Amino acid sequence: MARSKDDKRKGTSRLVYTIPLVALVLIASAYAVSVLPASSSPAAMDFTAKLLIAQANNNGTWQRYYAPSYSVGVPGGIWDTHQYDSYGVNSHYPIYLDDPLHACPPQAACLFHVKSKVVHPYTLGDFLALVGYPIVSQNNTLGLKASGGFEWQLCVGPTGHSVPNFQWGAMVLQPDMDITLLYYNTSTLGCA
C-alpha cells in the first residue's frame, strides 16, 4: 500500500514539532544540572583547627598579627598548590579557610577546616604551601628569616598554655588544634 501525500505531510509536521521540543528538553536539563548544587561526597575527615601568626617586639609584649586577605583553598581564593585537589569536598581543597573577615577575628587565630573525601595525615606544611608560603624552620618561615636575635617558634596549645613543637611543616593537623607561629626575640619566653 502506498502512503498518501497527506500522511507524508502529517509525519513531516510531527517531526517539525518534535525536534524543537526534544532540543528544548535537552537545554532545560543541561541548565538544571549546571545550576543545581552537585551532591556532595561524604567526608572521611571533617574538623576545624586554629592558626595564629604573630610577630613580637623586642621585649615580647607587642605583637603584630598576620591573616590572609582572601579565602584559602576555595574557588576564587588563594590556591597555590593542587597536590590534593581530588581529595576535597564541595569544590574546596581538603584544607581551607573561609572568608578571613569571618574566619580571622582581629588579633585572634584564624579558624580553618580540614574536610576530605579520604583519611590523610594533612600537615601544617600542606596548609602553608596552599597559601604560597612554605614553612621551613625556626630560621626561615613564611619568607621571614631569623635575624638580630629573632627567630620563629611553632607553638601548640591554647594561648598562655602552649608548648613548643619542633615538627614544623611535618606536624600533622588534628581536630581543635591551636597552632601559633611566633616570630619572637629569643631572650623572651616565646610560647609561654
# chains A, B, ... in the order shown; residues from 1 in each chain; ligands from 1

call {"tool": "residues_around", "arguments": {"residues": "Gly73 (chain A)", "least_positions_apart": "6", "cutoff": "9 Å", "atoms": "only C-alpha atoms", "output": "number ranges by chain"}}
result
A: 79-80, 91-98, 127, 130-131

call {"tool": "closest_residue", "arguments": {"among": "A:Ile179, A:Met45, A:Ile19, A:Ala67", "to": "Pro106 (chain A)", "atoms": "only C-alpha atoms"}}
result
A:Ala67

call {"tool": "residues_around", "arguments": {"residues": "region 138-143 of chain A", "least_positions_apart": "6", "cutoff": "9 Å", "atoms": "only C-alpha atoms", "output": "ChimeraX atom specification"}}
result
/A:128,132,150-154,166,168,181,183

call {"tool": "residues_around", "arguments": {"residues": "Gln63 (chain A)", "least_positions_apart": "3", "cutoff": "12 Å", "atoms": "only C-alpha atoms", "output": "list of chain:residue names"}}
result
A:Leu52, A:Ile53, A:Ala54, A:Gln55, A:Ala56, A:Asn57, A:Asn58, A:Asn59, A:Gly60, A:Tyr66, A:Gln107, A:Ala108, A:Leu181, A:Leu182, A:Tyr183, A:Tyr184, A:Asn185, A:Gly190

call {"tool": "write_last_selection", "arguments": {"atoms": "C-alpha atoms", "output": "short mmCIF file (atom, residue, chain, number, x, y, z; two decimals), in the first residue's frame"}}
result
data_model
loop_
_atom_site.label_atom_id
_atom_site.label_comp_id
_atom_site.auth_asym_id
_atom_site.auth_seq_id
_atom_site.Cartn_x
_atom_site.Cartn_y
_atom_site.Cartn_z
CA LEU A 52 47.67 32.37 64.71
CA ILE A 53 50.69 34.03 63.07
CA ALA A 54 52.25 36.74 65.21
CA GLN A 55 55.39 38.85 65.42
CA ALA A 56 56.50 40.09 68.85
CA ASN A 57 58.56 43.22 69.54
CA ASN A 58 61.95 43.26 71.31
CA ASN A 59 60.56 42.78 74.82
CA GLY A 60 57.87 40.28 73.76
CA TYR A 66 49.01 38.25 60.23
CA GLN A 107 44.16 39.84 66.91
CA ALA A 108 42.98 36.24 67.13
CA LEU A 181 53.65 30.61 64.56
CA LEU A 182 55.51 33.22 66.56
CA TYR A 183 58.40 35.36 65.35
CA TYR A 184 59.92 36.43 68.66
CA ASN A 185 63.02 37.71 70.44
CA GLY A 190 58.21 32.69 73.27
#

call {"tool": "closest_residue", "arguments": {"among": "A:Ser69, A:Ser187, A:Thr81, A:Gln174", "to": "Lys115 (chain A)", "atoms": "only C-alpha atoms"}}
result
A:Gln174
